[in-house]
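K.L.:
Have a look at the structure that comes next, please.
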Amino acid sequence: MRKFLKLSYSGTPFHGWQSQPNAESVQQTLEEALATLLRVPTPVTGAGRTDTGVHARVMYAHFDTDSGIADKRRFLNGLNRLCGPAIAVSDVIDVHDDAHARFDATSRTYKYFVALAKSPFLTGCSWLSPGELDIEAMNDAARLLLETEDFTSFAKLHSDARTNICRVSEARWERWENSFGVPGLVFTITADRFLRNMVRAVVGTLVDVGRGKIDREGFRNIIEKKDRCSAGTSMPPQALFLWDVRYLYV
């Protein structure tokens with residue numbers, strides 16, 4: 001029987017989603033917790049692979065089990081206790097046996113948070129901009145992403161991606177109204193898929209637009225060059241959140 005887990009996590013203590021030798025990961029933590037609860041090794045497959053330090057407001061992962069879950073609340077309580085404070089599992093969902101957390105996702109949404117003034121409360125979940133950013137110029141350039149298919153200029157070099165084609169359906173900057181009253185901006189981007197490091201590279205290049213280092217046509221030229229070296233810097237990970245993942249059946 002296949003199940004989906006709906007979870008969220010702080011990326012701060014983890015070396016990303018994916019299991020790797022000698023480093024703590026979200027995937028490994030979940031698998032160890034499930035193995036303890038179900039008393040059998042239980043691999044999990046996530047909707048994506050967040051990098052070291054990147055957070056997830058919503059993540060889905062699937063696993064298979066031969067035993068049913070008689071008491072859902074008890075199962076979730078046990079799983080949350082074993083996963084520790086940085087991971088919260090909010091639901092376990094029955095799905096069909098061919099359901100796939102990664103390949104069946106129809107869209108993913110990321111948000112990147114920028115603080116425009118220093119706050120000790122936002123340090124671990126935002127990037128502090130050293131100066132003001134031109135939000136109108138950044139939005140003008142961001143609209144070009146909706147017309148783009150090949151995101152090679154924003155792809156991590158030497159990755160294992162078979163294609164750099166992505167279809168972006170949303171890309172916009174907005175004022176960030178946070179509960180601490182700190183002025184800020186948030187960038188939201190939605191696509192059918194994302195490349196490794198893509199969002200942080202896109203944000204870094206748009207920040208160059210916001211600082212007046214490049215204009216809209218310069219941003220277009222970077223896209224058309226299909227060369228990662230021509231784009232902006234990769235932004236720090238702590239400000240990036242996997243915000244939502246959508247499926248047709250969840």
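Identifiers in this document derive from the order of the structure tokens: chains are assigned A, B, ..., residues are numbered from 1 separately in each chain, and ligands are numbered from 1 in order of occurrence.
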Each residue of segment 135-214 of chain A with at least one atom at most 12 Å from segment 43-64 of chain A should appear once, together with its nearest atom pair and the corresponding distance in Å (one decimal); atoms considered: only C-alpha atoms; ordering: chain, then increasing residue number; output as a tab-separated table.
P.N.:
```
residue	atom	partner	partner_atom	distance
A:Lys156	CA	A:Asp51	CA	11.7
A:Asp192	CA	A:Gly48	CA	11.6
A:Arg193	CA	A:Gly48	CA	9.0
A:Phe194	CA	A:Gly48	CA	8.7
A:Leu195	CA	A:Arg49	CA	9.7
A:Arg196	CA	A:Asp51	CA	8.1
A:Asn197	CA	A:Asp51	CA	7.7
A:Met198	CA	A:Asp51	CA	10.9
A:Val199	CA	A:Thr50	CA	10.9
A:Arg200	CA	A:Val54	CA	10.2
```
K.L.:
Write a file of the selected residues as a compact mmCIF listing (two decimals), in the first residue's frame, keeping N, CA, C and O atoms.
P.N.:
```txt
# COMPACT_ATOMS: atom_id res chain seq x y z
N LYS A 156 22.42 24.75 -12.16
CA LYS A 156 23.70 24.39 -11.55
C LYS A 156 24.55 23.64 -12.58
O LYS A 156 24.05 22.74 -13.27
N ASP A 192 6.33 23.96 -13.42
CA ASP A 192 6.06 22.52 -13.41
C ASP A 192 7.23 21.74 -12.83
O ASP A 192 7.05 20.67 -12.25
N ARG A 193 8.44 22.29 -12.95
CA ARG A 193 9.63 21.68 -12.37
C ARG A 193 10.70 22.75 -12.19
O ARG A 193 10.61 23.83 -12.78
N PHE A 194 11.69 22.45 -11.36
CA PHE A 194 12.80 23.37 -11.14
C PHE A 194 14.12 22.62 -11.25
O PHE A 194 14.20 21.45 -10.91
N LEU A 195 15.14 23.33 -11.71
CA LEU A 195 16.48 22.78 -11.77
C LEU A 195 17.20 23.04 -10.46
O LEU A 195 16.81 23.92 -9.69
N ARG A 196 18.26 22.30 -10.22
CA ARG A 196 19.05 22.51 -9.00
C ARG A 196 19.60 23.93 -8.97
O ARG A 196 20.17 24.41 -9.96
N ASN A 197 19.36 24.62 -7.86
CA ASN A 197 19.88 25.96 -7.64
C ASN A 197 19.21 27.04 -8.49
O ASN A 197 19.59 28.20 -8.46
N MET A 198 18.18 26.66 -9.25
CA MET A 198 17.57 27.57 -10.22
C MET A 198 16.95 28.80 -9.56
O MET A 198 17.19 29.94 -10.01
N VAL A 199 16.17 28.61 -8.51
CA VAL A 199 15.46 29.74 -7.91
C VAL A 199 16.46 30.74 -7.32
O VAL A 199 16.33 31.95 -7.51
N ARG A 200 17.46 30.24 -6.63
CA ARG A 200 18.44 31.14 -6.01
C ARG A 200 19.25 31.90 -7.07
O ARG A 200 19.63 33.05 -6.85
```
K.L.:
When you draw a straight line from atom CA of Arg162 of chain A to atom CA of Val207 of chain A, how long is it in Å?
P.N.:
28.3 Å
K.L.:
Could you list, as a CSV table (one decimal) with C-alpha atoms, in the first residue's frame, every residue within 6 Å of Phe14 of chain A, counting only C-alpha atoms and ignoring same-chain residues fewer than 3 positions away?
P.N.:
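The result, stored in result.csv:
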```csv
chain,number,residue,atom,x,y,z
A,11,GLY,CA,16.4,23.3,6.5
A,24,GLU,CA,22.1,14.6,8.3
A,25,SER,CA,19.2,14.9,5.8
```
K.L.:
From the DSSP assignment of the backbone, select every residue of segment 8-110 of chain A that is strand (DSSP E), and format the answer as JSON, numbers by chain.
P.N.:
{"A": [8, 9, 45, 46, 55, 56, 57, 58, 59, 60, 61, 62, 63, 64, 87, 88, 89, 90, 91, 92, 93, 94, 95, 107, 108, 109, 110]}
K.L.:
With N, CA, C and O atoms kept, could you save the residues just selected as an mmCIF file, in the first residue's frame?
P.N.:
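Written file, selection.cif:
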```
data_model
loop_
_atom_site.group_PDB
_atom_site.id
_atom_site.type_symbol
_atom_site.label_atom_id
_atom_site.label_comp_id
_atom_site.auth_asym_id
_atom_site.auth_seq_id
_atom_site.Cartn_x
_atom_site.Cartn_y
_atom_site.Cartn_z
ATOM 1 N N SER A 8 6.434 19.519 6.719
ATOM 2 C CA SER A 8 7.179 20.775 6.597
ATOM 3 C C SER A 8 8.447 20.629 7.425
ATOM 4 O O SER A 8 8.528 19.787 8.320
ATOM 5 N N TYR A 9 9.451 21.449 7.113
ATOM 6 C CA TYR A 9 10.688 21.357 7.885
ATOM 7 C C TYR A 9 11.506 22.632 7.770
ATOM 8 O O TYR A 9 11.418 23.380 6.810
ATOM 9 N N THR A 45 10.341 8.707 -0.985
ATOM 10 C CA THR A 45 10.662 9.501 -2.172
ATOM 11 C C THR A 45 9.963 10.845 -2.058
ATOM 12 O O THR A 45 8.743 10.892 -1.886
ATOM 13 N N GLY A 46 10.718 11.922 -2.128
ATOM 14 C CA GLY A 46 10.148 13.252 -1.954
ATOM 15 C C GLY A 46 9.720 13.893 -3.246
ATOM 16 O O GLY A 46 10.088 13.457 -4.345
ATOM 17 N N HIS A 55 14.308 25.665 3.363
ATOM 18 C CA HIS A 55 13.168 25.216 4.153
ATOM 19 C C HIS A 55 12.021 24.727 3.253
ATOM 20 O O HIS A 55 12.003 25.000 2.062
ATOM 21 N N ALA A 56 11.073 24.045 3.879
ATOM 22 C CA ALA A 56 9.860 23.633 3.157
ATOM 23 C C ALA A 56 8.638 23.900 4.028
ATOM 24 O O ALA A 56 8.525 23.345 5.126
ATOM 25 N N ARG A 57 7.773 24.764 3.547
ATOM 26 C CA ARG A 57 6.473 24.950 4.204
ATOM 27 C C ARG A 57 5.584 23.767 3.902
ATOM 28 O O ARG A 57 4.822 23.311 4.766
ATOM 29 N N VAL A 58 5.661 23.263 2.658
ATOM 30 C CA VAL A 58 4.925 22.072 2.241
ATOM 31 C C VAL A 58 5.855 21.174 1.434
ATOM 32 O O VAL A 58 6.474 21.633 0.472
ATOM 33 N N MET A 59 5.961 19.932 1.847
ATOM 34 C CA MET A 59 6.656 18.905 1.079
ATOM 35 C C MET A 59 5.817 17.635 1.153
ATOM 36 O O MET A 59 5.198 17.357 2.187
ATOM 37 N N TYR A 60 5.786 16.877 0.074
ATOM 38 C CA TYR A 60 5.145 15.568 0.078
ATOM 39 C C TYR A 60 6.199 14.503 -0.189
ATOM 40 O O TYR A 60 7.179 14.733 -0.913
ATOM 41 N N ALA A 61 5.990 13.335 0.382
ATOM 42 C CA ALA A 61 6.862 12.196 0.136
ATOM 43 C C ALA A 61 6.008 10.926 0.171
ATOM 44 O O ALA A 61 5.016 10.856 0.910
ATOM 45 N N HIS A 62 6.389 9.938 -0.633
ATOM 46 C CA HIS A 62 5.630 8.686 -0.589
ATOM 47 C C HIS A 62 6.471 7.543 -0.042
ATOM 48 O O HIS A 62 7.698 7.554 -0.127
ATOM 49 N N PHE A 63 5.780 6.573 0.527
ATOM 50 C CA PHE A 63 6.416 5.349 1.008
ATOM 51 C C PHE A 63 5.430 4.200 0.856
ATOM 52 O O PHE A 63 4.222 4.406 0.709
ATOM 53 N N ASP A 64 5.941 2.985 0.883
ATOM 54 C CA ASP A 64 5.121 1.780 0.768
ATOM 55 C C ASP A 64 5.157 1.003 2.069
ATOM 56 O O ASP A 64 6.194 0.939 2.749
ATOM 57 N N ILE A 87 11.252 18.887 11.940
ATOM 58 C CA ILE A 87 10.343 18.307 10.946
ATOM 59 C C ILE A 87 8.974 18.148 11.583
ATOM 60 O O ILE A 87 8.849 17.669 12.711
ATOM 61 N N ALA A 88 7.916 18.543 10.851
ATOM 62 C CA ALA A 88 6.544 18.350 11.309
ATOM 63 C C ALA A 88 5.761 17.631 10.219
ATOM 64 O O ALA A 88 5.643 18.141 9.103
ATOM 65 N N VAL A 89 5.254 16.447 10.521
ATOM 66 C CA VAL A 89 4.433 15.687 9.580
ATOM 67 C C VAL A 89 2.972 15.931 9.948
ATOM 68 O O VAL A 89 2.538 15.621 11.061
ATOM 69 N N SER A 90 2.200 16.491 9.029
ATOM 70 C CA SER A 90 0.831 16.896 9.341
ATOM 71 C C SER A 90 -0.229 15.928 8.852
ATOM 72 O O SER A 90 -1.369 15.968 9.307
ATOM 73 N N ASP A 91 0.128 15.027 7.909
ATOM 74 C CA ASP A 91 -0.898 14.129 7.379
ATOM 75 C C ASP A 91 -0.251 12.910 6.737
ATOM 76 O O ASP A 91 0.885 12.975 6.239
ATOM 77 N N VAL A 92 -0.954 11.803 6.774
ATOM 78 C CA VAL A 92 -0.607 10.608 6.003
ATOM 79 C C VAL A 92 -1.829 10.261 5.171
ATOM 80 O O VAL A 92 -2.945 10.185 5.689
ATOM 81 N N ILE A 93 -1.634 10.096 3.864
ATOM 82 C CA ILE A 93 -2.743 10.050 2.912
ATOM 83 C C ILE A 93 -2.681 8.760 2.102
ATOM 84 O O ILE A 93 -1.622 8.403 1.558
ATOM 85 N N ASP A 94 -3.799 8.055 2.001
ATOM 86 C CA ASP A 94 -3.886 6.875 1.142
ATOM 87 C C ASP A 94 -3.919 7.310 -0.315
ATOM 88 O O ASP A 94 -4.716 8.190 -0.693
ATOM 89 N N VAL A 95 -3.075 6.712 -1.159
ATOM 90 C CA VAL A 95 -3.045 7.016 -2.587
ATOM 91 C C VAL A 95 -2.977 5.694 -3.353
ATOM 92 O O VAL A 95 -2.729 4.633 -2.775
ATOM 93 N N SER A 107 2.726 21.088 -10.167
ATOM 94 C CA SER A 107 3.420 22.373 -10.009
ATOM 95 C C SER A 107 4.073 22.441 -8.640
ATOM 96 O O SER A 107 3.676 21.745 -7.704
ATOM 97 N N ARG A 108 5.072 23.304 -8.567
ATOM 98 C CA ARG A 108 5.747 23.590 -7.307
ATOM 99 C C ARG A 108 5.893 25.100 -7.190
ATOM 100 O O ARG A 108 6.129 25.771 -8.198
ATOM 101 N N THR A 109 5.765 25.608 -5.993
ATOM 102 C CA THR A 109 5.913 27.039 -5.745
ATOM 103 C C THR A 109 6.996 27.270 -4.699
ATOM 104 O O THR A 109 7.015 26.605 -3.659
ATOM 105 N N TYR A 110 7.899 28.213 -5.009
ATOM 106 C CA TYR A 110 8.930 28.630 -4.064
ATOM 107 C C TYR A 110 8.732 30.097 -3.731
ATOM 108 O O TYR A 110 8.248 30.876 -4.556
#
```
K.L.:
Using DSSP secondary structure from the backbone, list all alpha helix (DSSP H) positions within segment 24-58 of chain A, as a ChimeraX atom specification.
P.N.:
/A:26-38
K.L.:
For the residues in the current selection, export N, CA and C atoms as a compact mmCIF listing (two decimals), in the first residue's frame.
P.N.:
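Writing the result to result.txt gives the following:
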```txt
# COMPACT_ATOMS: atom_id res chain seq x y z
N VAL A 26 16.87 15.40 5.60
CA VAL A 26 15.45 15.22 5.91
C VAL A 26 15.02 13.80 5.53
N GLN A 27 15.41 13.36 4.36
CA GLN A 27 15.02 12.03 3.88
C GLN A 27 15.49 10.93 4.85
N GLN A 28 16.73 11.00 5.25
CA GLN A 28 17.28 9.99 6.17
C GLN A 28 16.54 10.01 7.50
N THR A 29 16.25 11.19 8.02
CA THR A 29 15.55 11.31 9.29
C THR A 29 14.16 10.67 9.21
N LEU A 30 13.46 10.94 8.11
CA LEU A 30 12.13 10.34 7.92
C LEU A 30 12.21 8.82 7.81
N GLU A 31 13.17 8.34 7.03
CA GLU A 31 13.30 6.89 6.82
C GLU A 31 13.62 6.17 8.12
N GLU A 32 14.47 6.76 8.94
CA GLU A 32 14.81 6.14 10.22
C GLU A 32 13.60 6.13 11.15
N ALA A 33 12.81 7.20 11.14
CA ALA A 33 11.61 7.27 11.99
C ALA A 33 10.57 6.24 11.54
N LEU A 34 10.37 6.15 10.22
CA LEU A 34 9.40 5.17 9.71
C LEU A 34 9.84 3.74 9.99
N ALA A 35 11.12 3.48 9.86
CA ALA A 35 11.63 2.13 10.13
C ALA A 35 11.40 1.75 11.59
N THR A 36 11.52 2.71 12.50
CA THR A 36 11.26 2.44 13.91
C THR A 36 9.79 2.16 14.15
N LEU A 37 8.92 2.96 13.54
CA LEU A 37 7.48 2.79 13.74
C LEU A 37 6.95 1.51 13.09
N LEU A 38 7.38 1.26 11.85
CA LEU A 38 6.84 0.13 11.08
C LEU A 38 7.65 -1.15 11.24
```
K.L.:
Tell me, as a list in words, which residues lie within 8 Å of Leu128 of chain A, counting only C-alpha atoms; anything in the same chain fewer than 5 positions away does not count.
P.N.:
Val114, Ala115, Leu116, Ala117, Lys118 and Thr123 of chain A
K.L.:
Which residue gives the smallest distance to Pro130 of chain A among A:Ala70, A:Phe75, A:Val168, A:Gly184, with only C-alpha atoms counted?
P.N.:
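Going through A:Ala70, A:Phe75, A:Val168, A:Gly184 one by one, the smallest distance to Pro130 of chain A is for A:Gly184.
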K.L.:
In terms of the shortest atom-to-atom distance over only C-alpha atoms, which of A:Glu149, A:Asp66, A:Asp208, A:Asp160 is closest to Leu133 of chain A?
P.N.:
A:Asp208
K.L.:
Using only C-alpha atoms for the distances, tell me which of A:Pro21, A:Gly218, A:Gly212, A:Pro183 is nearest to Leu122 of chain A.
P.N.:
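Smallest distance to Leu122 of chain A is found for A:Pro183.
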K.L.:
So that each row is one residue of segment 194-238 of chain A with an atom at most 12 Å from segment 135-142 of chain A, can you give its shortest atom pair and the distance in Å to one decimal, using only C-alpha atoms, rows by chain and rising number, as JSON lines?
P.N.:
```
{"residue": "A:Val199", "atom": "CA", "partner": "A:Ala142", "partner_atom": "CA", "distance": 11.8}
{"residue": "A:Val202", "atom": "CA", "partner": "A:Ala142", "partner_atom": "CA", "distance": 8.8}
{"residue": "A:Val203", "atom": "CA", "partner": "A:Ala142", "partner_atom": "CA", "distance": 9.3}
{"residue": "A:Gly204", "atom": "CA", "partner": "A:Met138", "partner_atom": "CA", "distance": 10.8}
{"residue": "A:Thr205", "atom": "CA", "partner": "A:Met138", "partner_atom": "CA", "distance": 9.3}
{"residue": "A:Leu206", "atom": "CA", "partner": "A:Met138", "partner_atom": "CA", "distance": 5.6}
{"residue": "A:Val207", "atom": "CA", "partner": "A:Met138", "partner_atom": "CA", "distance": 7.2}
{"residue": "A:Asp208", "atom": "CA", "partner": "A:Met138", "partner_atom": "CA", "distance": 8.7}
{"residue": "A:Val209", "atom": "CA", "partner": "A:Met138", "partner_atom": "CA", "distance": 5.8}
{"residue": "A:Gly210", "atom": "CA", "partner": "A:Met138", "partner_atom": "CA", "distance": 5.4}
{"residue": "A:Arg211", "atom": "CA", "partner": "A:Met138", "partner_atom": "CA", "distance": 9.2}
{"residue": "A:Gly212", "atom": "CA", "partner": "A:Ala137", "partner_atom": "CA", "distance": 8.5}
{"residue": "A:Lys213", "atom": "CA", "partner": "A:Ala137", "partner_atom": "CA", "distance": 11.2}
{"residue": "A:Ile214", "atom": "CA", "partner": "A:Ala137", "partner_atom": "CA", "distance": 9.9}
{"residue": "A:Asp215", "atom": "CA", "partner": "A:Ala137", "partner_atom": "CA", "distance": 7.6}
{"residue": "A:Arg216", "atom": "CA", "partner": "A:Ala141", "partner_atom": "CA", "distance": 4.9}
{"residue": "A:Glu217", "atom": "CA", "partner": "A:Ala141", "partner_atom": "CA", "distance": 8.0}
{"residue": "A:Gly218", "atom": "CA", "partner": "A:Ala141", "partner_atom": "CA", "distance": 9.1}
{"residue": "A:Phe219", "atom": "CA", "partner": "A:Ala141", "partner_atom": "CA", "distance": 6.5}
{"residue": "A:Arg220", "atom": "CA", "partner": "A:Ala141", "partner_atom": "CA", "distance": 7.7}
{"residue": "A:Asn221", "atom": "CA", "partner": "A:Ala141", "partner_atom": "CA", "distance": 11.1}
{"residue": "A:Ile222", "atom": "CA", "partner": "A:Ala141", "partner_atom": "CA", "distance": 11.2}
{"residue": "A:Ile223", "atom": "CA", "partner": "A:Ala141", "partner_atom": "CA", "distance": 10.8}
```
K.L.:
Print the selection's residues with N, CA, C and O atoms to a file, as a tab-separated table (two decimals), in the first residue's frame.
P.N.:
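That gives us part_1.tsv:
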```tsv
chain	number	residue	atom	x	y	z
A	199	VAL	N	16.17	28.61	-8.51
A	199	VAL	CA	15.46	29.74	-7.91
A	199	VAL	C	16.46	30.74	-7.32
A	199	VAL	O	16.33	31.95	-7.51
A	202	VAL	N	18.02	32.68	-10.16
A	202	VAL	CA	17.06	33.64	-10.71
A	202	VAL	C	16.94	34.85	-9.79
A	202	VAL	O	17.00	36.00	-10.25
A	203	VAL	N	16.79	34.60	-8.49
A	203	VAL	CA	16.66	35.71	-7.54
A	203	VAL	C	17.92	36.57	-7.53
A	203	VAL	O	17.85	37.81	-7.55
A	204	GLY	N	19.09	35.95	-7.56
A	204	GLY	CA	20.33	36.71	-7.57
A	204	GLY	C	20.45	37.62	-8.78
A	204	GLY	O	20.93	38.76	-8.67
A	205	THR	N	19.98	37.13	-9.92
A	205	THR	CA	20.05	37.94	-11.14
A	205	THR	C	19.01	39.05	-11.11
A	205	THR	O	19.28	40.19	-11.55
A	206	LEU	N	17.82	38.77	-10.57
A	206	LEU	CA	16.80	39.81	-10.44
A	206	LEU	C	17.22	40.87	-9.42
A	206	LEU	O	16.89	42.06	-9.58
A	207	VAL	N	17.93	40.47	-8.39
A	207	VAL	CA	18.46	41.45	-7.43
A	207	VAL	C	19.45	42.40	-8.13
A	207	VAL	O	19.48	43.60	-7.84
A	208	ASP	N	20.23	41.87	-9.07
A	208	ASP	CA	21.11	42.74	-9.86
A	208	ASP	C	20.30	43.77	-10.65
A	208	ASP	O	20.72	44.92	-10.82
A	209	VAL	N	19.12	43.35	-11.13
A	209	VAL	CA	18.22	44.30	-11.79
A	209	VAL	C	17.74	45.34	-10.79
A	209	VAL	O	17.74	46.55	-11.07
A	210	GLY	N	17.33	44.88	-9.62
A	210	GLY	CA	16.84	45.79	-8.58
A	210	GLY	C	17.87	46.79	-8.11
A	210	GLY	O	17.53	47.88	-7.67
A	211	ARG	N	19.14	46.43	-8.21
A	211	ARG	CA	20.22	47.34	-7.82
A	211	ARG	C	20.67	48.23	-8.96
A	211	ARG	O	21.53	49.10	-8.78
A	212	GLY	N	20.10	48.02	-10.15
A	212	GLY	CA	20.47	48.84	-11.29
A	212	GLY	C	21.73	48.38	-12.00
A	212	GLY	O	22.25	49.09	-12.87
A	213	LYS	N	22.22	47.19	-11.68
A	213	LYS	CA	23.43	46.69	-12.33
A	213	LYS	C	23.15	46.24	-13.76
A	213	LYS	O	24.01	46.32	-14.63
A	214	ILE	N	21.95	45.70	-13.99
A	214	ILE	CA	21.51	45.33	-15.34
A	214	ILE	C	20.07	45.79	-15.51
A	214	ILE	O	19.35	45.99	-14.52
A	215	ASP	N	19.64	45.94	-16.76
A	215	ASP	CA	18.25	46.31	-17.03
A	215	ASP	C	17.49	45.11	-17.60
A	215	ASP	O	18.02	43.99	-17.64
A	216	ARG	N	16.25	45.36	-18.02
A	216	ARG	CA	15.40	44.28	-18.52
A	216	ARG	C	16.03	43.58	-19.71
A	216	ARG	O	16.01	42.35	-19.81
A	217	GLU	N	16.61	44.34	-20.62
A	217	GLU	CA	17.22	43.73	-21.80
A	217	GLU	C	18.48	42.96	-21.42
A	217	GLU	O	18.79	41.93	-22.04
A	218	GLY	N	19.18	43.43	-20.41
A	218	GLY	CA	20.32	42.68	-19.92
A	218	GLY	C	19.90	41.34	-19.34
A	218	GLY	O	20.58	40.32	-19.52
A	219	PHE	N	18.76	41.34	-18.63
A	219	PHE	CA	18.22	40.10	-18.09
A	219	PHE	C	17.82	39.15	-19.22
A	219	PHE	O	18.08	37.95	-19.16
A	220	ARG	N	17.19	39.70	-20.26
A	220	ARG	CA	16.82	38.89	-21.42
A	220	ARG	C	18.07	38.29	-22.08
A	220	ARG	O	18.08	37.11	-22.45
A	221	ASN	N	19.11	39.07	-22.20
A	221	ASN	CA	20.35	38.58	-22.83
A	221	ASN	C	20.96	37.44	-22.02
A	221	ASN	O	21.49	36.47	-22.59
A	222	ILE	N	20.88	37.54	-20.70
A	222	ILE	CA	21.39	36.47	-19.85
A	222	ILE	C	20.62	35.17	-20.10
A	222	ILE	O	21.20	34.08	-20.21
A	223	ILE	N	19.30	35.27	-20.20
A	223	ILE	CA	18.48	34.09	-20.49
A	223	ILE	C	18.88	33.48	-21.83
A	223	ILE	O	19.07	32.26	-21.95
```
K.L.:
Skipping near chain neighbours, those fewer than 6 positions away, what residues fall within 7 Å of Ser153 of chain A using only C-alpha atoms, listed as a ChimeraX atom specification?
P.N.:
/A:222-223,225-228,231
K.L.:
Atoms to include: N, CA, C and O atoms. Write the selected residues as a compact mmCIF listing (two decimals), in the first residue's frame.
P.N.:
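File produced: selection.txt:
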```txt
# COMPACT_ATOMS: atom_id res chain seq x y z
N ILE A 222 20.88 37.54 -20.70
CA ILE A 222 21.39 36.47 -19.85
C ILE A 222 20.62 35.17 -20.10
O ILE A 222 21.20 34.08 -20.21
N ILE A 223 19.30 35.27 -20.20
CA ILE A 223 18.48 34.09 -20.49
C ILE A 223 18.88 33.48 -21.83
O ILE A 223 19.07 32.26 -21.95
N LYS A 225 21.65 33.67 -23.50
CA LYS A 225 23.02 33.15 -23.60
C LYS A 225 23.10 31.68 -23.21
O LYS A 225 24.02 30.97 -23.63
N LYS A 226 22.18 31.22 -22.36
CA LYS A 226 22.19 29.83 -21.88
C LYS A 226 23.56 29.47 -21.29
O LYS A 226 24.15 28.44 -21.59
N ASP A 227 24.02 30.38 -20.43
CA ASP A 227 25.35 30.25 -19.83
C ASP A 227 25.24 30.66 -18.37
O ASP A 227 25.00 31.83 -18.05
N ARG A 228 25.43 29.70 -17.45
CA ARG A 228 25.30 30.00 -16.02
C ARG A 228 26.28 31.08 -15.57
O ARG A 228 25.97 31.87 -14.67
N ALA A 231 24.90 34.73 -15.51
CA ALA A 231 23.83 35.12 -14.59
C ALA A 231 24.41 35.58 -13.26
O ALA A 231 25.62 35.54 -13.02
```
K.L.:
Just how far from atom CA of Gln238 of chain A is atom CA of Trp127 of chain A, in Å to one decimal?
P.N.:
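Separating atom CA of Trp127 of chain A from atom CA of Gln238 of chain A is a distance of 7.3 Å.
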K.L.:
Suppose you want the space between atom CA of Pro237 of chain A and atom CA of Thr188 of chain A; what is it in Å?
P.N.:
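Interatomic distance here is 15.0 Å.
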K.L.:
Closest to Val186 of chain A among A:Ser10, A:Ser129, A:Asn164, A:Thr233, using only C-alpha atoms?
P.N.:
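Ranked by minimum distance to Val186 of chain A, first place goes to A:Ser129.
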